[in-house]
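Okay, so here's the structure we're looking at.
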Amino acid sequence: MSEDISTKVDEGLSAVRAWIIWTPAALMALYFVFIQTSITVMIPQLEKAFSINMVDIGFLSSSFFISYTILQIPSGLIIDKIGARKILLISVIGLFFSCLIFALSSSFNLSIFSRVLMGIFSAPIFACVFYLAAINFSHKIFPLAVGLTETMTALGGLFSTKFLSISVQRLGWRPTSFICTGLAVVLFILIFLFVKDPKTTNDKTIAIDQIQKKEPFWECFIIVIANKQIWLCSVFAGLIFIPFITFGGLWGVPFIMKAYNLQLESAAGLISILFIGAAVGNVIIPWFSENFNLKKTLMIVCTVLDIIFMLIIIYNPFSSTFAIASVLFLIGFFLSAYTIPFIIVKKIVPKKATGTGMAFINAVCGGIGTIIYQPLIGWLLHFFAVPSSSTGKSIITIESYQNALVIIPISLVIAIVVVCMIDKSHFQKA
């Protein structure tokens with residue numbers, strides 16, 4: 001009896017240690033999205049500061065993810081070999097200097113350079129968080145950890161749109177960027193104090209770590225990219241994530257300002273509702289999909305509903321702010337189905353390739369929306385702009401936004417097709 005009690009106590013302490021290790025890393029995910037989406041509330045001021053147009057804004061935002069996506073797989077490979085602690089510390093130091101350079105940028109080219117640096121040092125963050133979750137948590141807890149990790153990303157977008165918009169309006173984009181820089185110092189302290197590599201937690205993970213070190217460096221990479229099912233899961237995640245990263249993360253605020261004739265702070269407040277919806281959905285949907293074995297059903301239903309709500313928000317402007325907020329909340333809630341493929345991939349990849357698998361799906365998930373869709377929508381806005389006879393400059397109208405943003409629901413239709421191509425065995429409970 002006493003041995004059973006002792007075992008339960010040890011298991012409880014082990015679970016507490018796992019959450020303590022994971023939490024500062026998850027806060028890095030929040031910070032990552034916080035600085036990545038900060039551009040959306042700075043658009044008018046950046047246009048004036050650097051004399052740029054919407055195409056340039058799209059490129060400035062997506063430049064963050066060019067380096068980020070390229071380095072995802074190398075980051076995962078390194079994490080599988082040396083763990084997460086050192087990499088997270090290097091990342092947060094790099095982000096400190098990157099944000100500082102952006103705040104001090106005197107030219108558009110220097111701001112692009114700083115955003116590329118941000119992408120480089122952000123590259124390992126999500127892989128580290130998912131790696132720590134996959135190693136330290138059981139199959140039952142992992143979906144919850146995935147959901148909470150993605151909730152952190154939603155909160156990052158929420159804080160960025162809700163609070164940075166106030167800071168940008170009252171202080172300007174440069175002081176606001178200095179605030180982002182200072183937050184990196186706080187994160188460095190938390191990671192230094194609490195994040196530990198899995199090999200230091202228990203005997204089981206030591207054995208896993210020793211096995212990993214004996215494997216050829218590129219074996220994990222080959223295991224991941226050669227698996228068609230991982231590709232399909234990653235593409236679905238990337239397509240359904242597009243409303244979050246392109247609408248919520250960049251073009252939603254200026255669209256809401258134009259469509260509903262609102263000021264920056266009010267428009268940013270409405271877009272923040274999308275992130276609140278994602279924060280709620282990221283906890284509920286992955287847990288529900290795993291415990292009730294409804295992965296495929298939820299992936300399809302959530303995507304269909306997001307198509308409907310995106311079309312409503314784009315083509316049927318409301319007079320009621322409550323109606324707008326409600327639709328944005330539902331868009332955020334249902335796009336949370338992008339977390340389900342992470343659970344599936346964790347089940348597919350062997351433990352020695354956990355970091356690489358998580359890095360790969362995260363690269364595709366973020367890369368589709370940022371590298372392709374953010375600049376594409378910027379180009380489409382410029383293409384559909386209406387020439388002004390009085391000024392000679394092109395004017396971006398509500399119709400310009402509608403014609404450009406329609407590619408989001410079209411992409412969600414493709415996501416449904418991708419779901420149907422995933423092997424049904426992967427939808428079974430882990």
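Labeling convention for the structure tokens: chains A, B, ... as they appear, residues from 1 per chain, ligands from 1 in order of appearance.
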
**Message:** Just want the 10 Å neighbourhood of A:Cys365, counted on only C-alpha atoms, with same-chain residues fewer than 4 positions away dropped. Output as an NGL selection string.
**Reply:** :A and (69 or 233-242 or 245 or 338-339 or 341-342 or 359-361 or 369-370)

Per-residue nearest contacts stretch 346-396 of chain A to stretch 82-98 of chain A, cut-off 12 Å, using only C-alpha atoms, as JSON lines:
```
{"residue": "A:Lys352", "atom": "CA", "partner": "A:Gly83", "partner_atom": "CA", "distance": 11.5}
{"residue": "A:Thr354", "atom": "CA", "partner": "A:Gly83", "partner_atom": "CA", "distance": 11.1}
{"residue": "A:Gly355", "atom": "CA", "partner": "A:Gly83", "partner_atom": "CA", "distance": 8.9}
{"residue": "A:Thr356", "atom": "CA", "partner": "A:Gly83", "partner_atom": "CA", "distance": 11.8}
```

Could the residues of stretch 296-345 of chain A that have an atom at most 12 Å from stretch 149-168 of chain A be listed as a Markdown table, each with its closest atom pair and the distance in Å to one decimal, counting only C-alpha atoms and ordered by chain and ascending residue number?
```
| residue | atom | partner | partner_atom | distance |
| --- | --- | --- | --- | --- |
| A:Phe329 | CA | A:Ala154 | CA | 11.6 |
| A:Gly332 | CA | A:Ala154 | CA | 8.7 |
| A:Phe333 | CA | A:Ala154 | CA | 10.2 |
| A:Leu335 | CA | A:Ala154 | CA | 11.1 |
| A:Ser336 | CA | A:Glu150 | CA | 8.2 |
| A:Ala337 | CA | A:Glu150 | CA | 10.7 |
| A:Tyr338 | CA | A:Glu150 | CA | 9.4 |
| A:Thr339 | CA | A:Glu150 | CA | 7.4 |
| A:Ile340 | CA | A:Glu150 | CA | 10.9 |
| A:Phe342 | CA | A:Glu150 | CA | 10.6 |
```

For the residues in that selection, give me N, CA and C atoms as a PDB file, in the first residue's frame.
```pdb
ATOM      1  N   PHE A 329     -14.731  35.113 -33.871  1.00  0.00           N
ATOM      2  CA  PHE A 329     -14.484  34.122 -32.819  1.00  0.00           C
ATOM      3  C   PHE A 329     -14.637  32.707 -33.374  1.00  0.00           C
ATOM      4  N   GLY A 332     -11.739  31.668 -35.617  1.00  0.00           N
ATOM      5  CA  GLY A 332     -10.594  31.269 -34.805  1.00  0.00           C
ATOM      6  C   GLY A 332     -10.793  29.928 -34.137  1.00  0.00           C
ATOM      7  N   PHE A 333     -12.004  29.702 -33.635  1.00  0.00           N
ATOM      8  CA  PHE A 333     -12.286  28.444 -32.935  1.00  0.00           C
ATOM      9  C   PHE A 333     -12.122  27.245 -33.863  1.00  0.00           C
ATOM     10  N   LEU A 335     -10.617  27.021 -36.885  1.00  0.00           N
ATOM     11  CA  LEU A 335      -9.317  26.804 -37.518  1.00  0.00           C
ATOM     12  C   LEU A 335      -8.363  26.049 -36.599  1.00  0.00           C
ATOM     13  N   SER A 336      -8.753  25.913 -35.327  1.00  0.00           N
ATOM     14  CA  SER A 336      -7.935  25.169 -34.371  1.00  0.00           C
ATOM     15  C   SER A 336      -7.800  23.697 -34.734  1.00  0.00           C
ATOM     16  N   ALA A 337      -8.543  23.239 -35.718  1.00  0.00           N
ATOM     17  CA  ALA A 337      -8.384  21.853 -36.187  1.00  0.00           C
ATOM     18  C   ALA A 337      -6.991  21.615 -36.759  1.00  0.00           C
ATOM     19  N   TYR A 338      -6.225  22.684 -37.008  1.00  0.00           N
ATOM     20  CA  TYR A 338      -4.857  22.495 -37.503  1.00  0.00           C
ATOM     21  C   TYR A 338      -3.963  21.809 -36.469  1.00  0.00           C
ATOM     22  N   THR A 339      -4.396  21.765 -35.205  1.00  0.00           N
ATOM     23  CA  THR A 339      -3.605  21.088 -34.169  1.00  0.00           C
ATOM     24  C   THR A 339      -3.679  19.564 -34.290  1.00  0.00           C
ATOM     25  N   ILE A 340      -4.745  19.054 -34.881  1.00  0.00           N
ATOM     26  CA  ILE A 340      -4.935  17.601 -34.958  1.00  0.00           C
ATOM     27  C   ILE A 340      -3.818  16.908 -35.733  1.00  0.00           C
ATOM     28  N   PHE A 342      -0.724  17.570 -35.807  1.00  0.00           N
ATOM     29  CA  PHE A 342       0.441  17.440 -34.941  1.00  0.00           C
ATOM     30  C   PHE A 342       0.348  16.173 -34.091  1.00  0.00           C
TER      31      PHE A 342
END
```

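With only C-alpha atoms as the basis for measurement, A:Ala29 is the residue among A:Leu190, A:Ala29, A:Ile101, A:Met42 that approaches A:Ala123 most closely.
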
**Item:** Distance criterion (only C-alpha atoms): nearest to A:Gln169 out of A:Val417, A:Cys302, A:Ala26, A:Ala268
**Value:** A:Ala268

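Between A:Val33 and the candidates A:Phe126, A:Phe102, A:Tyr373, A:Trp173, the tightest atom-to-atom separation, counting only C-alpha atoms, involves A:Phe126.
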
**Asked** If you measure from atom CA of A:Phe247 to atom CA of A:Pro143, what distance in Å do you get, rounded to one decimal?
**Response** 25.8 Å

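Using only C-alpha atoms, the protein and nucleic acid residues lying no more than 12 Å from A:Ile422, apart from those fewer than 5 places from it along its own chain, are A:Asn227, A:Lys228, A:Gln229, A:Ile230, A:Trp231, A:Leu232, A:Cys233, A:Ser234, A:Val235, A:Phe236, A:Lys295, A:Lys296, A:Met299, A:Ile300, A:Pro341, A:Ile344, A:Val345, A:Ala415, A:Ile416, A:Val417, A:Phe427, A:Gln428.
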
Please write the residues from the selection above to a file, keeping C-alpha atoms, as an mmCIF file, in the first residue's frame.
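Wrote again.cif, looks like this:
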```cif
data_model
loop_
_atom_site.group_PDB
_atom_site.id
_atom_site.type_symbol
_atom_site.label_atom_id
_atom_site.label_comp_id
_atom_site.auth_asym_id
_atom_site.auth_seq_id
_atom_site.Cartn_x
_atom_site.Cartn_y
_atom_site.Cartn_z
ATOM 1 C CA ASN A 227 6.579 9.632 -45.417
ATOM 2 C CA LYS A 228 3.643 10.675 -47.629
ATOM 3 C CA GLN A 229 1.255 10.775 -44.670
ATOM 4 C CA ILE A 230 3.387 13.338 -42.849
ATOM 5 C CA TRP A 231 3.321 15.499 -45.971
ATOM 6 C CA LEU A 232 -0.478 15.269 -46.194
ATOM 7 C CA CYS A 233 -0.918 16.116 -42.500
ATOM 8 C CA SER A 234 1.461 19.054 -42.845
ATOM 9 C CA VAL A 235 -0.248 20.458 -45.946
ATOM 10 C CA PHE A 236 -3.678 20.238 -44.299
ATOM 11 C CA LYS A 295 -9.986 13.345 -35.803
ATOM 12 C CA LYS A 296 -11.139 13.078 -39.424
ATOM 13 C CA MET A 299 -10.911 18.159 -39.485
ATOM 14 C CA ILE A 300 -13.578 18.155 -42.210
ATOM 15 C CA PRO A 341 -2.245 16.781 -37.581
ATOM 16 C CA ILE A 344 -1.161 12.351 -35.870
ATOM 17 C CA VAL A 345 2.457 13.077 -36.821
ATOM 18 C CA ALA A 415 -7.706 21.322 -47.336
ATOM 19 C CA ILE A 416 -10.824 19.133 -47.300
ATOM 20 C CA VAL A 417 -9.512 17.214 -50.321
ATOM 21 C CA PHE A 427 -7.129 8.768 -37.341
ATOM 22 C CA GLN A 428 -7.364 6.027 -34.726
#
```
